[in-house]
>>> print(open('data19.txt').read())   # compact mmCIF, C-alpha atoms and all ligand atoms
# COMPACT_ATOMS: atom_id res chain seq x y z
CA MET A 1 -18.34 -36.51 276.31
CA LYS A 2 -19.69 -33.21 277.57
CA LEU A 3 -17.74 -33.65 280.72
CA HIS A 4 -14.50 -34.23 278.92
CA ALA A 5 -14.79 -31.56 276.28
CA PRO A 6 -14.06 -28.50 278.49
CA THR A 7 -11.07 -30.30 280.04
CA LYS A 8 -9.57 -30.90 276.62
CA SER A 9 -10.27 -27.34 275.52
CA LYS A 10 -8.80 -26.00 278.78
CA ARG A 11 -5.69 -28.05 278.15
CA GLU A 12 -5.53 -26.71 274.58
CA ASN A 13 -5.94 -23.17 275.86
CA GLY A 14 -3.25 -23.83 278.41
CA SER A 15 -0.81 -25.05 275.75
CA LEU A 16 -1.70 -22.11 273.56
CA LEU A 17 -1.02 -19.76 276.45
CA ILE A 18 2.35 -21.36 277.00
CA ILE A 19 3.16 -21.05 273.30
CA VAL A 20 2.06 -17.42 273.30
CA LEU A 21 4.13 -16.80 276.41
CA TRP A 22 7.15 -18.42 274.80
CA ILE A 23 6.72 -16.32 271.66
CA ALA A 24 6.28 -13.19 273.76
CA PHE A 25 9.34 -14.14 275.75
CA GLY A 26 11.26 -14.75 272.52
CA LEU A 27 10.20 -11.37 271.14
CA VAL A 28 11.24 -9.63 274.34
CA ALA A 29 14.58 -11.44 274.24
CA LEU A 30 15.07 -10.44 270.62
CA THR A 31 14.18 -6.83 271.37
CA LEU A 32 16.59 -6.80 274.31
CA TYR A 33 19.27 -8.40 272.17
CA PHE A 34 18.92 -5.80 269.40
CA ALA A 35 18.69 -2.97 271.88
CA HIS A 36 21.92 -4.17 273.48
CA ALA A 37 23.60 -4.58 270.09
CA MET A 38 22.48 -1.09 269.08
CA ASN A 39 23.70 0.30 272.36
CA GLN A 40 27.05 -1.37 271.81
CA GLU A 41 27.17 -0.10 268.24
CA LEU A 42 26.40 3.39 269.51
CA HIS A 43 29.15 3.06 272.09
CA ALA A 44 31.61 1.81 269.48
CA SER A 45 30.83 4.61 267.07
CA ASP A 46 31.12 7.10 269.92
CA ASN A 47 34.58 5.69 270.60
CA ARG A 48 35.39 5.95 266.89
CA VAL A 49 34.40 9.62 266.95
CA ALA A 50 36.57 10.16 270.03
CA ALA A 51 39.52 8.45 268.26
CA LEU A 52 38.99 10.69 265.22
CA GLU A 53 39.04 13.73 267.49
CA ALA A 54 42.23 12.46 269.13
CA ASN A 55 43.90 11.96 265.74
CA GLN A 56 42.92 15.45 264.69
CA ALA A 57 44.34 16.80 267.94
CA ILE A 58 47.62 15.00 267.17
CA ASP A 59 47.82 16.58 263.71
CA GLY A 60 47.03 19.94 265.32
CA ALA A 61 49.80 19.38 267.87
CA ALA A 62 52.27 18.61 265.07
CA ARG A 63 51.32 21.87 263.30
CA TYR A 64 51.60 23.77 266.57
CA LEU A 65 55.09 22.39 267.16
CA SER A 66 56.13 23.04 263.58
CA ASN A 67 55.15 26.71 263.95
CA TYR A 68 56.87 26.89 267.31
CA LEU A 69 60.14 25.44 265.96
CA ALA A 70 60.00 27.71 262.89
CA SER A 71 59.85 30.78 265.12
CA SER A 72 62.39 29.77 267.78
CA VAL A 73 64.89 32.47 268.56
CA TYR A 74 68.06 30.69 267.57
CA PRO A 75 68.16 27.50 265.52
CA GLY A 76 69.97 24.81 267.45
CA ALA A 77 68.65 25.96 270.83
CA LEU A 78 66.43 23.56 272.74
CA PRO A 79 62.79 24.65 273.00
CA ASN A 80 62.16 26.23 276.37
CA PRO A 81 59.77 23.95 278.27
CA ALA A 82 58.10 27.02 279.75
CA ASP A 83 57.13 28.32 276.27
CA LEU A 84 55.88 25.12 274.70
CA HIS A 85 52.56 23.74 275.95
CA CYS A 86 53.15 20.04 276.55
CA GLU A 87 50.58 18.62 278.96
CA ALA A 88 46.83 18.06 278.48
CA VAL A 89 46.64 20.84 275.89
CA PRO A 90 42.96 21.26 274.87
CA VAL A 91 41.91 21.17 271.19
CA GLY A 92 38.10 21.37 271.07
CA ASP A 93 36.85 18.38 273.10
CA ALA A 94 40.22 16.63 272.72
CA LYS A 95 43.53 16.99 274.56
CA PHE A 96 47.13 16.20 273.64
CA TRP A 97 50.45 15.60 275.41
CA PHE A 98 54.07 15.55 274.27
CA ILE A 99 55.69 12.56 275.99
CA GLY A 100 59.34 13.44 276.71
CA ARG A 101 62.19 12.35 278.95
CA ASP A 102 63.82 13.92 281.99
CA THR A 103 67.35 12.82 281.09
CA ASN A 104 68.65 13.90 284.49
CA ASP A 105 66.89 10.98 286.18
CA TRP A 106 64.26 9.44 283.93
CA GLU A 107 65.11 5.86 284.90
CA THR A 108 63.44 6.44 288.24
CA SER A 109 60.17 7.86 286.84
CA THR A 110 57.30 5.71 287.98
CA ALA A 111 53.80 7.15 287.64
CA LYS A 112 53.95 10.01 285.18
CA PRO A 113 56.07 10.74 282.09
CA ALA A 114 58.16 13.89 281.73
CA PHE A 115 56.26 16.05 279.24
CA GLY A 116 58.22 17.74 276.46
CA LEU A 117 60.25 16.88 273.38
CA VAL A 118 62.91 14.21 273.10
CA ASP A 119 66.21 15.67 271.91
CA GLU A 120 67.75 13.38 269.29
CA ALA A 121 71.19 14.86 270.00
CA SER A 122 70.86 13.55 273.57
CA LYS A 123 71.59 10.11 272.10
CA ILE A 124 74.43 8.44 270.22
CA ASN A 125 74.09 8.51 266.45
CA LEU A 126 74.49 4.97 265.09
CA ASN A 127 75.96 6.49 261.93
CA ALA A 128 78.39 8.89 263.66
CA PRO A 129 81.68 8.86 261.73
CA TRP A 130 83.61 8.72 265.03
CA LEU A 131 81.68 5.84 266.64
CA THR A 132 83.66 2.77 267.74
CA ALA A 133 82.60 -0.51 269.35
CA ASP A 134 84.69 0.34 272.42
CA MET A 135 82.65 3.48 273.13
CA ILE A 136 79.29 1.71 273.29
CA GLN A 137 80.15 -1.69 274.73
CA TYR A 138 79.29 -0.72 278.32
CA LEU A 139 75.79 0.55 277.60
CA PRO A 140 73.19 -1.37 279.66
CA GLY A 141 72.41 -4.67 277.93
CA MET A 142 75.21 -4.25 275.40
CA THR A 143 77.84 -6.93 274.81
CA PRO A 144 81.21 -6.54 273.03
CA GLN A 145 79.81 -8.89 270.33
CA ILE A 146 76.76 -6.72 269.64
CA ALA A 147 78.87 -3.55 269.72
CA GLY A 148 81.26 -5.05 267.18
CA ALA A 149 78.38 -6.28 265.01
CA ILE A 150 76.80 -2.77 265.00
CA ILE A 151 79.99 -1.29 263.53
CA ASP A 152 80.32 -4.10 260.96
CA TRP A 153 76.66 -3.73 259.99
CA ARG A 154 77.10 -0.09 258.96
CA ASP A 155 80.69 0.05 257.68
CA SER A 156 81.11 -0.37 253.95
CA ASP A 157 83.59 -3.26 254.04
CA GLY A 158 83.08 -6.98 254.54
CA SER A 159 86.01 -7.62 256.88
CA VAL A 160 85.09 -8.79 260.37
CA SER A 161 86.26 -6.45 263.16
CA THR A 162 87.11 -7.61 266.71
CA ASP A 163 84.02 -9.44 268.11
CA GLY A 164 82.09 -8.29 265.03
CA ALA A 165 79.91 -10.05 262.44
CA GLU A 166 79.71 -9.97 258.67
CA ASP A 167 78.02 -12.12 255.97
CA GLU A 168 79.33 -15.43 257.31
CA THR A 169 77.51 -14.97 260.65
CA TYR A 170 74.24 -13.89 259.04
CA GLY A 171 74.52 -16.72 256.49
CA ARG A 172 74.30 -19.28 259.32
CA LEU A 173 70.90 -18.00 260.54
CA THR A 174 67.74 -20.08 259.95
CA THR A 175 66.62 -17.34 257.57
CA PRO A 176 69.96 -16.14 256.23
CA TYR A 177 70.54 -12.58 255.04
CA LYS A 178 73.47 -10.34 254.22
CA THR A 179 75.19 -7.58 256.20
CA LYS A 180 73.89 -4.16 255.22
CA ASN A 181 77.30 -2.44 254.90
CA ALA A 182 75.50 0.92 254.79
CA PRO A 183 74.21 3.47 257.34
CA PHE A 184 71.30 2.66 259.67
CA GLU A 185 67.96 4.13 258.56
CA SER A 186 66.24 3.65 261.91
CA VAL A 187 67.13 2.54 265.42
CA GLU A 188 64.67 -0.37 265.06
CA GLU A 189 67.00 -1.71 262.36
CA LEU A 190 69.24 -2.84 265.26
CA ARG A 191 66.90 -5.86 265.47
CA LEU A 192 68.71 -7.24 262.40
CA VAL A 193 72.17 -6.97 263.96
CA ALA A 194 73.73 -10.26 265.14
CA GLY A 195 73.03 -11.08 268.79
CA MET A 196 70.30 -8.47 269.23
CA THR A 197 67.13 -9.57 271.03
CA LYS A 198 63.86 -7.79 271.68
CA ASP A 199 64.70 -7.67 275.41
CA ILE A 200 68.06 -5.98 274.81
CA LEU A 201 66.61 -3.49 272.32
CA TYR A 202 63.42 -2.49 274.18
CA GLY A 203 64.37 -3.38 277.75
CA GLU A 204 61.57 -3.19 280.31
CA ASP A 205 59.94 -0.17 278.73
CA ALA A 206 57.41 -2.08 276.61
CA ASN A 207 55.32 1.03 275.81
CA GLU A 208 58.36 3.25 275.19
CA ASN A 209 57.30 6.11 277.45
CA GLY A 210 60.27 6.32 279.85
CA VAL A 211 58.01 5.44 282.80
CA LEU A 212 57.84 2.27 284.88
CA ASP A 213 54.30 1.03 284.18
CA ALA A 214 52.66 -1.69 286.33
CA ASN A 215 53.31 -4.49 283.81
CA GLU A 216 56.95 -3.39 283.61
CA ASN A 217 57.49 -4.08 287.29
CA ASP A 218 55.65 -7.37 287.92
CA ALA A 219 58.35 -9.85 286.78
CA ASP A 220 56.88 -12.31 284.27
CA ASN A 221 53.24 -11.95 285.43
CA SER A 222 52.66 -9.91 282.27
CA ALA A 223 54.85 -8.93 279.32
CA PRO A 224 57.55 -7.67 279.31
CA ASN A 225 59.72 -9.93 281.45
CA ASP A 226 61.16 -7.40 283.94
CA ASN A 227 63.28 -7.73 287.08
CA ARG A 228 60.68 -6.15 289.43
CA ASP A 229 63.26 -3.89 291.09
CA GLY A 230 61.12 -0.73 291.07
CA ARG A 231 63.41 0.93 288.54
CA LEU A 232 63.05 1.17 284.77
CA ASP A 233 65.83 -0.73 283.02
CA PRO A 234 65.70 0.71 279.52
CA GLY A 235 66.70 -1.01 276.31
CA LEU A 236 69.22 0.20 273.74
CA MET A 237 66.43 2.12 271.93
CA GLU A 238 66.82 4.84 274.56
CA TYR A 239 70.48 5.47 273.81
CA PHE A 240 70.62 5.60 270.03
CA THR A 241 69.42 7.80 267.19
CA VAL A 242 69.98 8.08 263.45
CA TYR A 243 68.87 11.72 263.21
CA SER A 244 71.31 14.05 265.02
CA ALA A 245 73.19 16.35 262.63
CA GLU A 246 74.43 19.93 262.80
CA PRO A 247 74.89 22.29 259.88
CA MET A 248 78.66 22.68 259.35
CA THR A 249 78.34 26.20 257.99
CA GLY A 250 79.92 28.23 260.80
CA THR A 251 83.41 29.69 261.11
CA ASN A 252 86.24 27.17 260.71
CA ILE A 253 88.19 27.27 263.98
CA ASN A 254 91.45 26.49 262.18
CA THR A 255 91.28 29.36 259.66
CA GLN A 256 93.06 32.33 261.28
CA GLU A 257 91.55 35.14 259.12
CA ASP A 258 87.97 33.92 259.66
CA VAL A 259 88.50 33.54 263.41
CA GLN A 260 90.03 37.05 263.57
CA THR A 261 86.99 38.55 261.77
CA LEU A 262 84.51 36.71 264.02
CA LEU A 263 86.30 37.72 267.23
CA GLU A 264 86.61 41.38 266.15
CA THR A 265 82.86 41.65 265.53
CA THR A 266 81.92 39.92 268.78
CA LEU A 267 84.64 40.84 271.30
CA GLY A 268 86.32 43.91 269.77
CA GLN A 269 89.70 44.53 268.13
CA SER A 270 92.07 44.32 271.10
CA ARG A 271 90.60 41.18 272.71
CA ALA A 272 90.46 39.54 269.27
CA THR A 273 94.17 40.17 268.70
CA GLU A 274 95.05 38.75 272.13
CA ILE A 275 93.03 35.57 271.64
CA VAL A 276 94.22 35.01 268.05
CA GLY A 277 97.80 35.35 269.37
CA GLN A 278 97.06 32.43 271.73
CA LEU A 279 95.27 30.35 269.13
CA PHE A 280 97.73 30.83 266.28
CA PRO A 281 101.15 31.49 267.86
CA ARG A 282 103.90 32.72 265.52
CA ARG A 283 106.32 29.91 264.83
CA GLY A 284 110.01 30.70 264.40
CA PRO A 285 111.76 29.80 261.14
CA GLY A 286 112.40 26.07 260.77
CA ARG A 287 109.74 25.14 263.37
CA PRO A 288 106.77 23.01 262.24
CA PRO A 289 103.36 24.71 262.00
CA ALA A 290 101.07 24.26 265.02
CA ALA A 291 98.77 21.22 264.90
CA SER A 292 95.18 22.04 263.96
CA MET A 293 92.68 22.26 266.80
CA SER A 294 90.56 19.13 267.16
CA SER A 295 87.39 20.73 268.55
CA VAL A 296 85.71 23.94 269.67
CA MET A 297 86.51 22.82 273.22
CA GLU A 298 90.24 22.90 272.44
CA PHE A 299 89.68 26.28 270.72
CA TYR A 300 88.04 27.58 273.91
CA LEU A 301 90.78 26.38 276.26
CA LYS A 302 93.69 27.33 274.02
CA GLY A 303 92.31 30.80 273.29
CA GLY A 304 91.99 31.69 276.98
CA PHE A 305 88.38 32.90 276.60
CA THR A 306 86.22 33.55 279.63
CA ALA A 307 83.06 31.41 279.57
CA ASP A 308 80.98 34.56 278.92
CA GLU A 309 83.16 35.60 275.98
CA PHE A 310 83.03 32.12 274.56
CA ALA A 311 79.22 32.00 274.80
CA GLN A 312 79.08 35.03 272.46
CA VAL A 313 81.25 33.27 269.88
CA TYR A 314 80.21 29.64 270.25
CA ASP A 315 77.03 29.63 268.16
CA ASN A 316 78.99 30.93 265.15
CA LEU A 317 81.60 28.17 265.15
CA SER A 318 81.44 25.11 262.93
CA PRO A 319 82.03 21.80 264.73
CA THR A 320 85.01 19.75 263.50
CA THR A 321 82.94 16.58 263.10
CA ASN A 322 79.22 15.72 263.05
CA CYS A 323 76.55 13.70 264.88
CA LEU A 324 77.65 15.22 268.19
CA VAL A 325 76.10 14.48 271.58
CA ASN A 326 74.36 17.34 273.38
CA VAL A 327 75.96 17.48 276.86
CA ASN A 328 73.02 19.53 278.14
CA THR A 329 70.49 16.77 277.48
CA ALA A 330 72.30 13.42 277.22
CA SER A 331 71.67 10.84 279.94
CA GLN A 332 74.52 9.71 282.18
CA ALA A 333 74.76 6.39 280.32
CA VAL A 334 75.29 8.21 277.00
CA LEU A 335 77.83 10.66 278.46
CA GLU A 336 79.82 7.75 279.90
CA CYS A 337 80.33 6.36 276.37
CA LEU A 338 82.34 9.40 275.34
CA PRO A 339 86.16 9.51 275.48
CA GLY A 340 87.46 11.87 278.17
CA ILE A 341 84.18 11.66 280.13
CA GLY A 342 83.60 7.95 280.83
CA THR A 343 82.42 6.68 284.21
CA ASP A 344 84.80 9.14 285.93
CA TYR A 345 82.82 12.22 284.89
CA GLY A 346 79.34 11.08 283.72
CA ALA A 347 77.65 11.65 287.08
CA THR A 348 79.67 14.85 287.70
CA LEU A 349 78.33 16.41 284.51
CA VAL A 350 74.70 15.48 285.25
CA THR A 351 74.94 16.94 288.76
CA TYR A 352 76.68 20.10 287.54
CA ARG A 353 74.17 20.91 284.80
CA GLU A 354 71.21 20.34 287.16
CA SER A 355 72.57 22.90 289.62
CA ASN A 356 73.87 25.42 287.02
CA PRO A 357 71.11 25.76 284.40
CA SER A 358 72.22 29.30 283.45
CA LYS A 359 75.72 28.16 282.45
CA LEU A 360 74.67 25.79 279.68
CA THR A 361 75.07 28.29 276.82
CA SER A 362 78.20 26.65 275.38
CA VAL A 363 80.43 23.61 276.00
CA ALA A 364 82.62 25.76 278.32
CA TRP A 365 80.73 24.47 281.38
CA VAL A 366 81.99 20.93 280.72
CA ALA A 367 85.62 22.05 281.21
CA GLU A 368 84.65 23.85 284.40
CA ALA A 369 82.69 20.87 285.77
CA MET A 370 85.45 18.36 284.94
CA ASN A 371 88.27 20.63 286.12
CA ASN A 372 90.59 18.55 283.95
CA ASP A 373 91.54 20.26 280.69
CA THR A 374 93.24 17.18 279.24
CA ASN A 375 90.04 15.16 279.52
CA ALA A 376 87.89 18.08 278.37
CA VAL A 377 89.99 18.25 275.17
CA LEU A 378 89.59 14.47 274.73
CA ALA A 379 85.80 14.83 274.98
CA GLY A 380 85.74 17.95 272.79
CA PRO A 381 85.31 16.36 269.34
CA TYR A 382 82.14 14.51 270.42
CA ILE A 383 80.13 17.13 272.30
CA THR A 384 77.89 20.10 271.56
CA THR A 385 75.13 22.12 273.22
CA HIS A 386 73.16 22.42 269.97
CA SER A 387 70.19 20.32 268.89
CA TYR A 388 68.39 20.44 265.57
CA GLN A 389 66.32 17.23 265.62
CA TYR A 390 63.53 16.44 268.04
CA THR A 391 61.12 13.58 268.56
CA ALA A 392 57.58 14.68 269.30
CA ASP A 393 55.84 11.69 270.85
CA ILE A 394 52.23 12.89 270.84
CA ALA A 395 49.40 11.14 272.70
CA ALA A 396 45.80 12.40 272.63
CA VAL A 397 42.26 11.59 273.77
CA GLY A 398 38.93 12.75 272.32
CA HIS A 399 35.70 13.76 274.11
CA HIS A 400 35.10 12.24 277.59
CA ASN A 401 38.83 11.33 277.53
CA ARG A 402 38.14 8.42 275.19
CA GLY A 403 39.63 7.23 271.91
CA TYR A 404 43.30 7.28 273.00
CA GLN A 405 45.77 7.62 270.09
CA ARG A 406 49.55 8.08 269.87
CA VAL A 407 51.81 9.12 266.99
CA ARG A 408 55.56 9.71 267.06
CA PHE A 409 57.08 12.35 264.79
CA VAL A 410 60.69 13.33 264.18
CA PHE A 411 61.26 16.99 263.29
CA ASP A 412 64.47 18.18 261.62
CA THR A 413 65.23 21.92 261.79
CA SER A 414 68.81 21.79 260.47
CA GLU A 415 67.84 23.42 257.19
CA GLY A 416 65.87 26.27 258.75
CA SER A 417 62.19 25.39 258.36
CA PRO A 418 61.17 22.33 260.37
CA ILE A 419 60.66 19.19 258.29
CA ILE A 420 58.89 16.02 259.50
CA VAL A 421 61.27 13.19 258.63
CA ARG A 422 59.29 10.39 260.27
CA ARG A 423 55.68 9.73 261.30
CA GLN A 424 54.90 6.52 263.15
CA ASP A 425 51.55 5.50 264.66
CA ILE A 426 52.29 3.72 267.95
CA THR A 427 48.77 3.60 269.42
CA HIS A 428 49.14 -0.22 269.56
CA LEU A 429 51.73 0.13 272.38
CA GLY A 430 48.84 0.98 274.69
CA TRP A 431 48.34 3.61 277.36
CA ALA A 432 51.55 5.64 277.78
CA LEU A 433 50.57 8.64 279.89
CA GLY A 434 51.18 6.84 283.17
CA LYS A 435 49.01 5.85 286.13
CA ASP A 436 48.65 9.40 287.53
CA THR A 437 47.33 10.88 284.30
CA ARG A 438 44.78 8.05 283.99
CA THR A 439 43.55 8.71 287.53
CA GLU A 440 43.26 12.46 286.83
CA LEU A 441 41.35 11.85 283.59
CA LEU A 442 38.95 9.36 285.20
CA ALA A 443 38.23 11.82 288.02
CA SER A 444 37.57 14.66 285.58
CA ALA A 445 35.32 12.44 283.40
CA LYS A 446 33.27 11.45 286.49
CA GLU A 447 32.91 15.11 287.43
CA THR A 448 31.58 16.00 283.96
CA GLN A 449 29.08 13.13 284.08
CA THR A 450 27.66 14.04 287.49
CA ARG A 451 27.35 17.70 286.55
CA CA A 501 80.67 -4.36 257.17
CA CA A 502 56.79 2.21 280.29
CA CA A 503 56.26 -7.77 283.47
CA CA A 504 63.59 -2.99 286.54
>>> encode(input="data19.txt", output="structure tokens", more="lines below")
Ligand SMILES: [Ca+2]
Ligand SMILES: [Ca+2]
Ligand SMILES: [Ca+2]
Ligand SMILES: [Ca+2]
Amino acid sequence: MKLHAPTKSKRENGSLLIIVLWIAFGLVALTLYFAHAMNQELHASDNRVAALEANQAIDGAARYLSNYLASSVYPGALPNPADLHCEAVPVGDAKFWFIGRDTNDWETSTAKPAFGLVDEASKINLNAPWLTADMIQYLPGMTPQIAGAIIDWRDSDGSVSTDGAEDETYGRLTTPYKTKNAPFESVEELRLVAGMTKDILYGEDANENGVLDANENDADNSAPNDNRDGRLDPGLMEYFTVYSAEPMTGTNINTQEDVQTLLETTLGQSRATEIVGQLFPRRGPGRPPAASMSSVMEFYLKGGFTADEFAQVYDNLSPTTNCLVNVNTASQAVLECLPGIGTDYGATLVTYRESNPSKLTSVAWVAEAMNNDTNAVLAGPYITTHSYQYTADIAAVGHHNRGYQRVRFVFDTSEGSPIIVRRQDITHLGWALGKDTRTELLASAKETQTR
């Protein structure tokens, strides 16, 4: 008995030790688990703070832009990129960017967006009174059927135009609905138009930043499904707007007395009389009155102005129709939609304006670049060099470059003070500042940490 007792007690002690060890191990595991959870919670709340900072920076950027637009020299002039801070602008520990477009060659941008504002008048207004299906049917991704359906969607009648679609087409859908027969309220509304797909509307630019991101050039390895050709093939979103509008309060080019007064104050009595003589020739008895001028371009060419003279007058003239396209900022694809310009002159205009930035003060440069007055007059009713509506696509990060956020605003300055007419949080589209900016931010964050 005596011999066995210690053995049993030893065994008991041994088991006890194992139990104690297990409990200790369990406690350590628990402690580690909670420590890890707390660490994660700390990390998450730090990210939340960074996101809050980023959102505040975005609101600050919107106020900054609003003040800038309110104080711009002449309403209708594009903000000068040299005056407006657009890239990595610090606000406390946060930074913001305005994501823009270089409409001279943005389709080739690969690693970094163009920073600045997006001019809404650089695009075609879906509600333009002059818009026809023929003008837009050659846009990338467009078909004659979709072009026709766009016109039928917004016109007030229910009669089907060539290749178009009205209630009967929409009634055959799995979830049927009716044609709107009223103006578009957003470009995204195009999704409802017959034949439109997500691919046609958004193209390869899944994060809508005008830059070819890695997932947009890897075929179907990751969404979107792109053609991996090293070039950004944009969707229709890039070419349309619903916002462009000019105040029609200037001098009417077809009212002789008003034109005379304007020219006398800007160019002096004698030059005014000469030009008015050209614009409004005296008609002999029995001859019909001269046809009214269709655009300020026709006014310019008929009056025999020099480009410099015309630049002094141009800002005071009222356009003859609205929702015009800004020839200084429109992409080649948009310019090619316009009558008189088309594929013959689209590239010519882009090249000309890139090499003559000082000549862009009125539409006169278009006539010079085209060197074809007949076509310039054809294009006249659709073009302007004024812009009153801008998209500010603002991305921001908080402290340590974390908490990325992105909000898109549309500003309208056509009534004087800038008004925000749309605010849209698009953080869910993911990183949109391009590969280069990410690399720069990571390098700067590493530097701060090692310091
Ligand atoms: Ca209709
Ligand atoms: Ca992109
Ligand atoms: Ca892809
Ligand atoms: Ca491509």
>>> atom_distance(input="data19.txt", atom1="CA of Leu65 (chain A)", atom2="CA of Ile124 (chain A)")
24.0 Å
>>> atom_distance(input="data19.txt", atom1="CA of Ala369 (chain A)", atom2="CA of Tyr352 (chain A)")
6.3 Å
>>> atom_distance(input="data19.txt", atom1="CA of Ser72 (chain A)", atom2="CA of Asn125 (chain A)")
24.3 Å
>>> closest_atom_pairs(input="data19.txt", of="chain A", to="ligand CA 503 (chain A)", cutoff="10 Å", atoms="all atoms listed in the file", output="tab-separated table")
residue	atom	partner	partner_atom	distance
A:Glu204	CA	A:CA503	CA	7.7
A:Asp205	CA	A:CA503	CA	9.7
A:Ala206	CA	A:CA503	CA	9.0
A:Asp213	CA	A:CA503	CA	9.0
A:Ala214	CA	A:CA503	CA	7.6
A:Asn215	CA	A:CA503	CA	4.4
A:Glu216	CA	A:CA503	CA	4.4
A:Asn217	CA	A:CA503	CA	5.5
A:Asp218	CA	A:CA503	CA	4.5
A:Ala219	CA	A:CA503	CA	4.4
A:Asp220	CA	A:CA503	CA	4.7
A:Asn221	CA	A:CA503	CA	5.5
A:Ser222	CA	A:CA503	CA	4.4
A:Ala223	CA	A:CA503	CA	4.5
A:Pro224	CA	A:CA503	CA	4.4
A:Asn225	CA	A:CA503	CA	4.6
A:Asp226	CA	A:CA503	CA	4.9
A:Asn227	CA	A:CA503	CA	7.9
A:Arg228	CA	A:CA503	CA	7.6
>>> residues_around(input="data19.txt", residues="Arg63 (chain A)", least_positions_apart="3", cutoff="12 Å", atoms="all atoms listed in the file", output="PyMOL selection string")
chain A and resi 56-60+66-70+392+394+409+411+418-420
>>> write_last_selection(input="data19.txt", atoms="C-alpha atoms", output="short mmCIF file (atom, residue, chain, number, x, y, z; two decimals), in the coordinates of the input")
data_model
loop_
_atom_site.label_atom_id
_atom_site.label_comp_id
_atom_site.auth_asym_id
_atom_site.auth_seq_id
_atom_site.Cartn_x
_atom_site.Cartn_y
_atom_site.Cartn_z
CA GLN A 56 42.92 15.45 264.69
CA ALA A 57 44.34 16.80 267.94
CA ILE A 58 47.62 15.00 267.17
CA ASP A 59 47.82 16.58 263.71
CA GLY A 60 47.03 19.94 265.32
CA SER A 66 56.13 23.04 263.58
CA ASN A 67 55.15 26.71 263.95
CA TYR A 68 56.87 26.89 267.31
CA LEU A 69 60.14 25.44 265.96
CA ALA A 70 60.00 27.71 262.89
CA ALA A 392 57.58 14.68 269.30
CA ILE A 394 52.23 12.89 270.84
CA PHE A 409 57.08 12.35 264.79
CA PHE A 411 61.26 16.99 263.29
CA PRO A 418 61.17 22.33 260.37
CA ILE A 419 60.66 19.19 258.29
CA ILE A 420 58.89 16.02 259.50
#
>>> closest_residue(input="data19.txt", among="A:Gly141, A:Gly250, A:Gly171, A:Pro176", to="Thr197 (chain A)", atoms="only C-alpha atoms")
A:Gly141
>>> closest_residue(input="data19.txt", among="A:Ala37, A:Ala194, A:Leu131, A:Ile99", to="ligand CA 502 (chain A)", atoms="only C-alpha atoms and all ligand atoms")
A:Ile99
>>> residues_around(input="data19.txt", residues="Thr329 (chain A)", least_positions_apart="4", cutoff="10 Å", atoms="only C-alpha atoms", output="tab-separated table (two decimals) with C-alpha atoms, in the coordinates of the input")
chain	number	residue	atom	x	y	z
A	78	LEU	CA	66.43	23.56	272.74
A	101	ARG	CA	62.19	12.35	278.95
A	102	ASP	CA	63.82	13.92	281.99
A	103	THR	CA	67.35	12.82	281.09
A	104	ASN	CA	68.65	13.90	284.49
A	118	VAL	CA	62.91	14.21	273.10
A	119	ASP	CA	66.21	15.67	271.91
A	120	GLU	CA	67.75	13.38	269.29
A	121	ALA	CA	71.19	14.86	270.00
A	122	SER	CA	70.86	13.55	273.57
A	123	LYS	CA	71.59	10.11	272.10
A	325	VAL	CA	76.10	14.48	271.58
A	334	VAL	CA	75.29	8.21	277.00
A	335	LEU	CA	77.83	10.66	278.46
A	350	VAL	CA	74.70	15.48	285.25
A	353	ARG	CA	74.17	20.91	284.80
A	385	THR	CA	75.13	22.12	273.22
A	386	HIS	CA	73.16	22.42	269.97
A	387	SER	CA	70.19	20.32	268.89
>>> residues_near_ligand(input="data19.txt", ligand="ligand CA 502 (chain A)", cutoff="10 Å", atoms="all atoms listed in the file", output="MDAnalysis selection string")
chainID A and resid 109:113 203:217 224 232:234 429:434
>>> closest_residue(input="data19.txt", among="A:Thr261, A:Ser45, A:Thr306, A:Thr108", to="ligand CA 504 (chain A)", atoms="all atoms listed in the file")
A:Thr108
>>> closest_residue(input="data19.txt", among="A:Gly268, A:Thr320, A:Glu189, A:Asp83", to="Met237 (chain A)", atoms="only C-alpha atoms")
A:Glu189
>>> closest_residue(input="data19.txt", among="A:His400, A:His85, A:Lys10, A:Arg231", to="ligand CA 504 (chain A)", atoms="only C-alpha atoms and all ligand atoms")
A:Arg231
>>> axis_aligned_box(input="data19.txt", around="region 364-376 of chain A", padding_each_side="8 Å", output="JSON")
{"center_x": 87.0, "center_y": 20.5, "center_z": 282.2, "size_x": 28.5, "size_y": 26.6, "size_z": 23.8}
>>> residues_around(input="data19.txt", residues="His399 (chain A)", least_positions_apart="4", cutoff="7 Å", atoms="all atoms listed in the file", output="list in words")
Ala50, Asp93 and Ala94 of chain A
>>> closest_residue(input="data19.txt", among="A:Val407, A:Cys323, A:Val366, A:Ala347", to="Pro129 (chain A)", atoms="all atoms listed in the file")
A:Cys323
>>> residues_around(input="data19.txt", residues="region 271-279 of chain A", least_positions_apart="3", cutoff="7 Å", atoms="only C-alpha atoms", output="PyMOL selection string")
chain A and resi 260+263-264+267-268+302-304
